[in-house]
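Notes follow once the structure below has been shown.
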Amino acid sequence: MAQHNLAKGDLFHNMLLFSLPYLLSYFLQTLYGLADLLIAGRFNGADVISAVSIGSQVMHMVTVMIVGLAMGTTVTIGRFVGAEDEDGIRRAIGNTITLFAMIAVLATCALLGLTQPIVQLLSTPPEAVPGALAYLRICFAGIPFIVAYNILSSIFRGMGDSRSPMLFIAVACALNILLDLLFMGPMQLGAAGAALATVVAQAASVAFALVGIRKTTAGSRQHGTADVRNTSVEAAIENRVETQIHASEGAATSSNEHACADRSAWWDPAMLHQILSIGLPIACQDGFIQISFLIITVIANRRGVDISAAVGIVEKTISFLFLVPSSMLSTVSTIAAQSIGAGDPARARQTLRYGVGLASGIGLLFAILFQFISVPFFTLFTKDPVVQALAVQYMCTYVLDCVVAGIHFPFSGFFSASGLSILSFIHNLCSVILVRIPGAWLATKLFPDTLYAMGLAAPAGSLLSALICIAFYLALRRKGRV
């Protein structure tokens with residue numbers, strides 16, 4: 001697993017080099033949900049569309065929390081790469097594997113036991129309940145594959161490699177679409193087919209990633225290049241083999257030293273604390289954001305299956321458009337972390353400025369474009385004219401969020417790289433509690449005949465987040481902390 005030190009060389013070039021594969025990875029991953037809805041709409045009615053929409057929103061929440069927690073790994077490894085600390089990289093990888101293996105087991109067991117209450121809590125329309133239950137049970141059983149893929153991706157990205165995760169997800173995406181067509185078309189499995197296609201595709205992605213890692217390591221050894229510049233997961237495993245060899249040779253002192261190194265490579269409380277102190281606030285922040293989306297889904301579900309389906313389609317579309325700010329968040333966090341690790345905070349700040357300019361500028365283009373193409377665009381998802389009209393209303397105002405999110409997402413990445421991810425948690429919590437949820441509820445009460453007003457809740461919340469981020473940044477700059 002080769003390193004790419006992004007703290008050196010032309011900054012703008014490095015950002016494009018890292019963000020474009022990351023953007024394509026996000027595009028392919030988001031295509032999962034869009035393909036599920038698109039194919040479900042072609043072969044089924046509003047009940048299955050609603051079931052897939054609700055189920056995929058829950059799974060999206062689980063996934064983004066895993067990704068948020070894994071940001072602790074990406075930033076930690078990025079700092080070690082910038083500081084050229086090979087032992088630190090190895091220990092970060094080993095401890096990440098231990099931590100997330102436990103999380104995968106616990107999350108799978110807990111969520112499988114909570115499937116029924118989750119569906120009830122979301123006020124799922126009665127017609128969509130069986131499909132939503134089937135979808136979630138299958139996806140919850142596949143959580144270990146979701147965790148494994150995202151952890152492997154976070155390790156690669158921390159090393160400065162965003163290309164490999166793109167290749168892994170490309171395989172999964174192609175397989176997911178083919179299986180969607182098979183399971184929901186000829187086999188008529190409905191929402192369960194969409195879930196099964198997603199889980200099988202994720203498993204294939206993990207298998208492809210592991211094979212790629214082993215081939216890369218084997219190739220490096222064959223050509224005599226498996227030195228510290230090719231740190232891999234296998235390097236941590238080899239510590240255990242070395243420990244046993246030394247023990248068998250009677251080298252007790254050396255064996256003890258290797259045993260201690262072996263334990264720290266897989267279970268180091270200080271390293272675990274560092275990963276969690278960065279990743280946990282991000283996971284909580286992403287969880288609160290997704291909870292706000294789910295609460296808005298509940299508000300929509302209570303207004304009938306047509307509005308439920310329309311809101312679900314728009315949420316999936318927005319998640320697609322949010323690929324740009326999301327990829328920029330990761331780009332800023334990775335490059336800023338490597339720059340901070342290399343002792344160059346000025347480069348980290350410049351990374352933030354570039355990130356905000358790129359993300360908000362592209363978001364503005366999206367906001368303008370969808371004022372003109374929303375009507376023909378949503379005919380791709382459903383033939384129901386009522387659902388189409390409602391989706392257009394919701395989208396025309398909701399899409400403004402792409403502009404404002406292009407500001408606060410890069411700030412969140414910068415705060416995470418600086419070890420201040422708690423600030424990201426604070427601004428997102430304020431946005432959710434003070435604006436997003438009450439705004440959506442109030443819009444429903446004051447404007448019950450349209451979704452235009454309800455769509456404004458998200459960009460209004462993002463505006464508050466952006467203002468808080470700017471205030472935090474200016475205060476930190478005055479104190480010389482960033």
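Lettering and numbering for the structure tokens are positional, with chains as A, B, ... in the shown order, residues counted from 1 in each chain, and ligands counted from 1 in the shown order.
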
| query | In segment 292-478 of chain A, what's alpha helix (DSSP H) per DSSP? Answer as a PyMOL selection string? | reply | chain A and resi 292-301+305-321+323-341+345-378+385-398+401-417+421-431+437-446+452-455+457-478

| task | List the neighbours of Ala170 of chain A out to 7 Å using only C-alpha atoms; skip same-chain residues closer than 4 positions along the sequence, and give me the result as a list of chain:residue names. | result |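 Once the nearby chain positions are removed, what remains is A:Leu28, A:Met166, A:Ala174.
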
Would you save the residues from that selection as an mmCIF file, in the first residue's frame, using all heavy atoms?
```cif
data_model
loop_
_atom_site.group_PDB
_atom_site.id
_atom_site.type_symbol
_atom_site.label_atom_id
_atom_site.label_comp_id
_atom_site.auth_asym_id
_atom_site.auth_seq_id
_atom_site.Cartn_x
_atom_site.Cartn_y
_atom_site.Cartn_z
ATOM 1 N N LEU A 28 -20.011 6.673 -7.526
ATOM 2 C CA LEU A 28 -20.364 5.273 -7.717
ATOM 3 C C LEU A 28 -21.112 4.718 -6.511
ATOM 4 O O LEU A 28 -22.065 3.953 -6.646
ATOM 5 C CB LEU A 28 -19.094 4.456 -7.974
ATOM 6 C CG LEU A 28 -18.369 4.766 -9.284
ATOM 7 C CD1 LEU A 28 -17.024 4.047 -9.337
ATOM 8 C CD2 LEU A 28 -19.227 4.379 -10.475
ATOM 9 N N MET A 166 -11.576 3.920 -5.349
ATOM 10 C CA MET A 166 -12.428 4.151 -6.516
ATOM 11 C C MET A 166 -12.573 2.866 -7.333
ATOM 12 O O MET A 166 -13.675 2.522 -7.784
ATOM 13 C CB MET A 166 -11.841 5.254 -7.382
ATOM 14 C CG MET A 166 -12.610 5.525 -8.661
ATOM 15 S SD MET A 166 -11.702 6.608 -9.788
ATOM 16 C CE MET A 166 -10.367 5.507 -10.302
ATOM 17 N N ALA A 174 -21.058 -1.748 -10.423
ATOM 18 C CA ALA A 174 -21.489 -2.466 -11.632
ATOM 19 C C ALA A 174 -22.267 -3.721 -11.258
ATOM 20 O O ALA A 174 -23.330 -4.008 -11.841
ATOM 21 C CB ALA A 174 -20.268 -2.830 -12.479
#
```

| said: Residues within 10 Å of segment 5-18 of chain A, please, as a ChimeraX atom specification. Count only C-alpha atoms; anything in the same chain fewer than 6 positions from it doesn't count. | reply: /A:78-79,81-84,157-163,327-328,330-332,334-344,347-348,350-351,354-355

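Distance annotation: of A:Gly45, A:Pro269, A:Pro21, A:Pro125, the residue with the minimal separation from Arg91 of chain A is A:Pro269; atom set is only C-alpha atoms.
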
| query | Hey, what's within 10 Å of Gly279 of chain A if we count only C-alpha atoms and toss same-chain stuff fewer than 4 positions away? As JSON, numbers by chain, please? | reply | {"A": [65, 66, 67, 68, 69, 70, 71, 72, 73, 74, 75, 76, 273, 274, 275, 283, 284, 285, 416, 419, 421, 422]}

| So how many Å separate atom CA of Val392 of chain A and atom CA of Val375 of chain A, to one decimal? |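 Those two atoms sit 6.1 Å apart.
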
| field | Top pick for closest residue to Ile282 of chain A, considering A:Arg303, A:Phe208, A:Phe415, A:Leu369 and counting only C-alpha atoms | value | A:Phe415

| Residue neighbourhood segment 190-206 of chain A, 6 Å, only C-alpha atoms, exclusion window fewer than 6 positions, as number ranges by chain | A: 36, 48, 52, 131, 134-135, 139, 142, 145, 149, 168-169, 172, 175-176, 179-180, 183-184

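Atom pair atom CA of Pro186 of chain A / atom CA of Ile307 of chain A: separated by 28.3 Å.
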
| query | Looking at A:Ile89, A:Val314, A:Ala417, A:Val58, which one is nearest to Leu114 of chain A, with distances taken over only C-alpha atoms? | reply | A:Val58

| So how many Å separate atom CA of Phe447 of chain A and atom CA of Thr397 of chain A, to one decimal? |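 These two atoms are separated by 13.9 Å.
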
| said: Quick one: residues within 9 Å of Met395 of chain A, only C-alpha atoms, excluding same-chain residues fewer than 2 positions away - as an NGL selection string? | reply: :A and (311 or 314-315 or 317-318 or 370-371 or 374 or 390-393 or 397-400 or 451-452 or 455)

As a PDB file with N, CA, C and O atoms, in the first residue's frame, please: the residues near segment 386-388 of chain A (cut-off 9 Å, only C-alpha atoms, same-chain neighbours under 6 positions excluded).
```pdb
ATOM      1  N   ALA A  46     -45.524   2.772  -5.801  1.00  0.00           N
ATOM      2  CA  ALA A  46     -45.069   3.712  -4.773  1.00  0.00           C
ATOM      3  C   ALA A  46     -44.722   3.016  -3.468  1.00  0.00           C
ATOM      4  O   ALA A  46     -43.879   3.493  -2.714  1.00  0.00           O
ATOM      5  N   ASP A 306     -47.494   9.360  -1.398  1.00  0.00           N
ATOM      6  CA  ASP A 306     -46.995  10.134  -2.543  1.00  0.00           C
ATOM      7  C   ASP A 306     -45.900  11.106  -2.125  1.00  0.00           C
ATOM      8  O   ASP A 306     -44.843  11.195  -2.760  1.00  0.00           O
ATOM      9  N   ILE A 307     -46.148  11.838  -1.035  1.00  0.00           N
ATOM     10  CA  ILE A 307     -45.133  12.765  -0.525  1.00  0.00           C
ATOM     11  C   ILE A 307     -43.923  11.991  -0.010  1.00  0.00           C
ATOM     12  O   ILE A 307     -42.775  12.401  -0.200  1.00  0.00           O
ATOM     13  N   SER A 308     -44.177  10.849   0.628  1.00  0.00           N
ATOM     14  CA  SER A 308     -43.087  10.009   1.110  1.00  0.00           C
ATOM     15  C   SER A 308     -42.170   9.593  -0.042  1.00  0.00           C
ATOM     16  O   SER A 308     -40.936   9.680   0.048  1.00  0.00           O
ATOM     17  N   ALA A 309     -42.772   9.153  -1.144  1.00  0.00           N
ATOM     18  CA  ALA A 309     -41.981   8.729  -2.296  1.00  0.00           C
ATOM     19  C   ALA A 309     -41.228   9.910  -2.915  1.00  0.00           C
ATOM     20  O   ALA A 309     -40.047   9.797  -3.279  1.00  0.00           O
ATOM     21  N   ALA A 310     -41.895  11.065  -3.034  1.00  0.00           N
ATOM     22  CA  ALA A 310     -41.268  12.253  -3.624  1.00  0.00           C
ATOM     23  C   ALA A 310     -40.073  12.720  -2.799  1.00  0.00           C
ATOM     24  O   ALA A 310     -38.990  13.004  -3.345  1.00  0.00           O
ATOM     25  N   VAL A 311     -40.250  12.815  -1.486  1.00  0.00           N
ATOM     26  CA  VAL A 311     -39.161  13.235  -0.604  1.00  0.00           C
ATOM     27  C   VAL A 311     -38.004  12.240  -0.671  1.00  0.00           C
ATOM     28  O   VAL A 311     -36.830  12.631  -0.704  1.00  0.00           O
ATOM     29  N   VAL A 375     -38.047  19.091 -13.857  1.00  0.00           N
ATOM     30  CA  VAL A 375     -39.243  18.431 -14.401  1.00  0.00           C
ATOM     31  C   VAL A 375     -38.875  17.193 -15.221  1.00  0.00           C
ATOM     32  O   VAL A 375     -39.358  16.089 -14.930  1.00  0.00           O
ATOM     33  N   PHE A 378     -37.039  14.177 -12.947  1.00  0.00           N
ATOM     34  CA  PHE A 378     -37.771  13.289 -12.046  1.00  0.00           C
ATOM     35  C   PHE A 378     -38.714  12.335 -12.771  1.00  0.00           C
ATOM     36  O   PHE A 378     -39.233  11.408 -12.154  1.00  0.00           O
ATOM     37  N   THR A 379     -38.912  12.550 -14.063  1.00  0.00           N
ATOM     38  CA  THR A 379     -39.660  11.543 -14.832  1.00  0.00           C
ATOM     39  C   THR A 379     -38.858  10.254 -14.981  1.00  0.00           C
ATOM     40  O   THR A 379     -39.422   9.207 -15.318  1.00  0.00           O
TER      41      THR A 379
END
```

| request: May I ask which of the residues A:Ala92, A:Val305, A:Ile313, A:Ala148 is the closest one to Asp268 of chain A, counting only C-alpha atoms? | output: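 The shortest atom-to-atom distance to Asp268 of chain A comes from A:Ala92.
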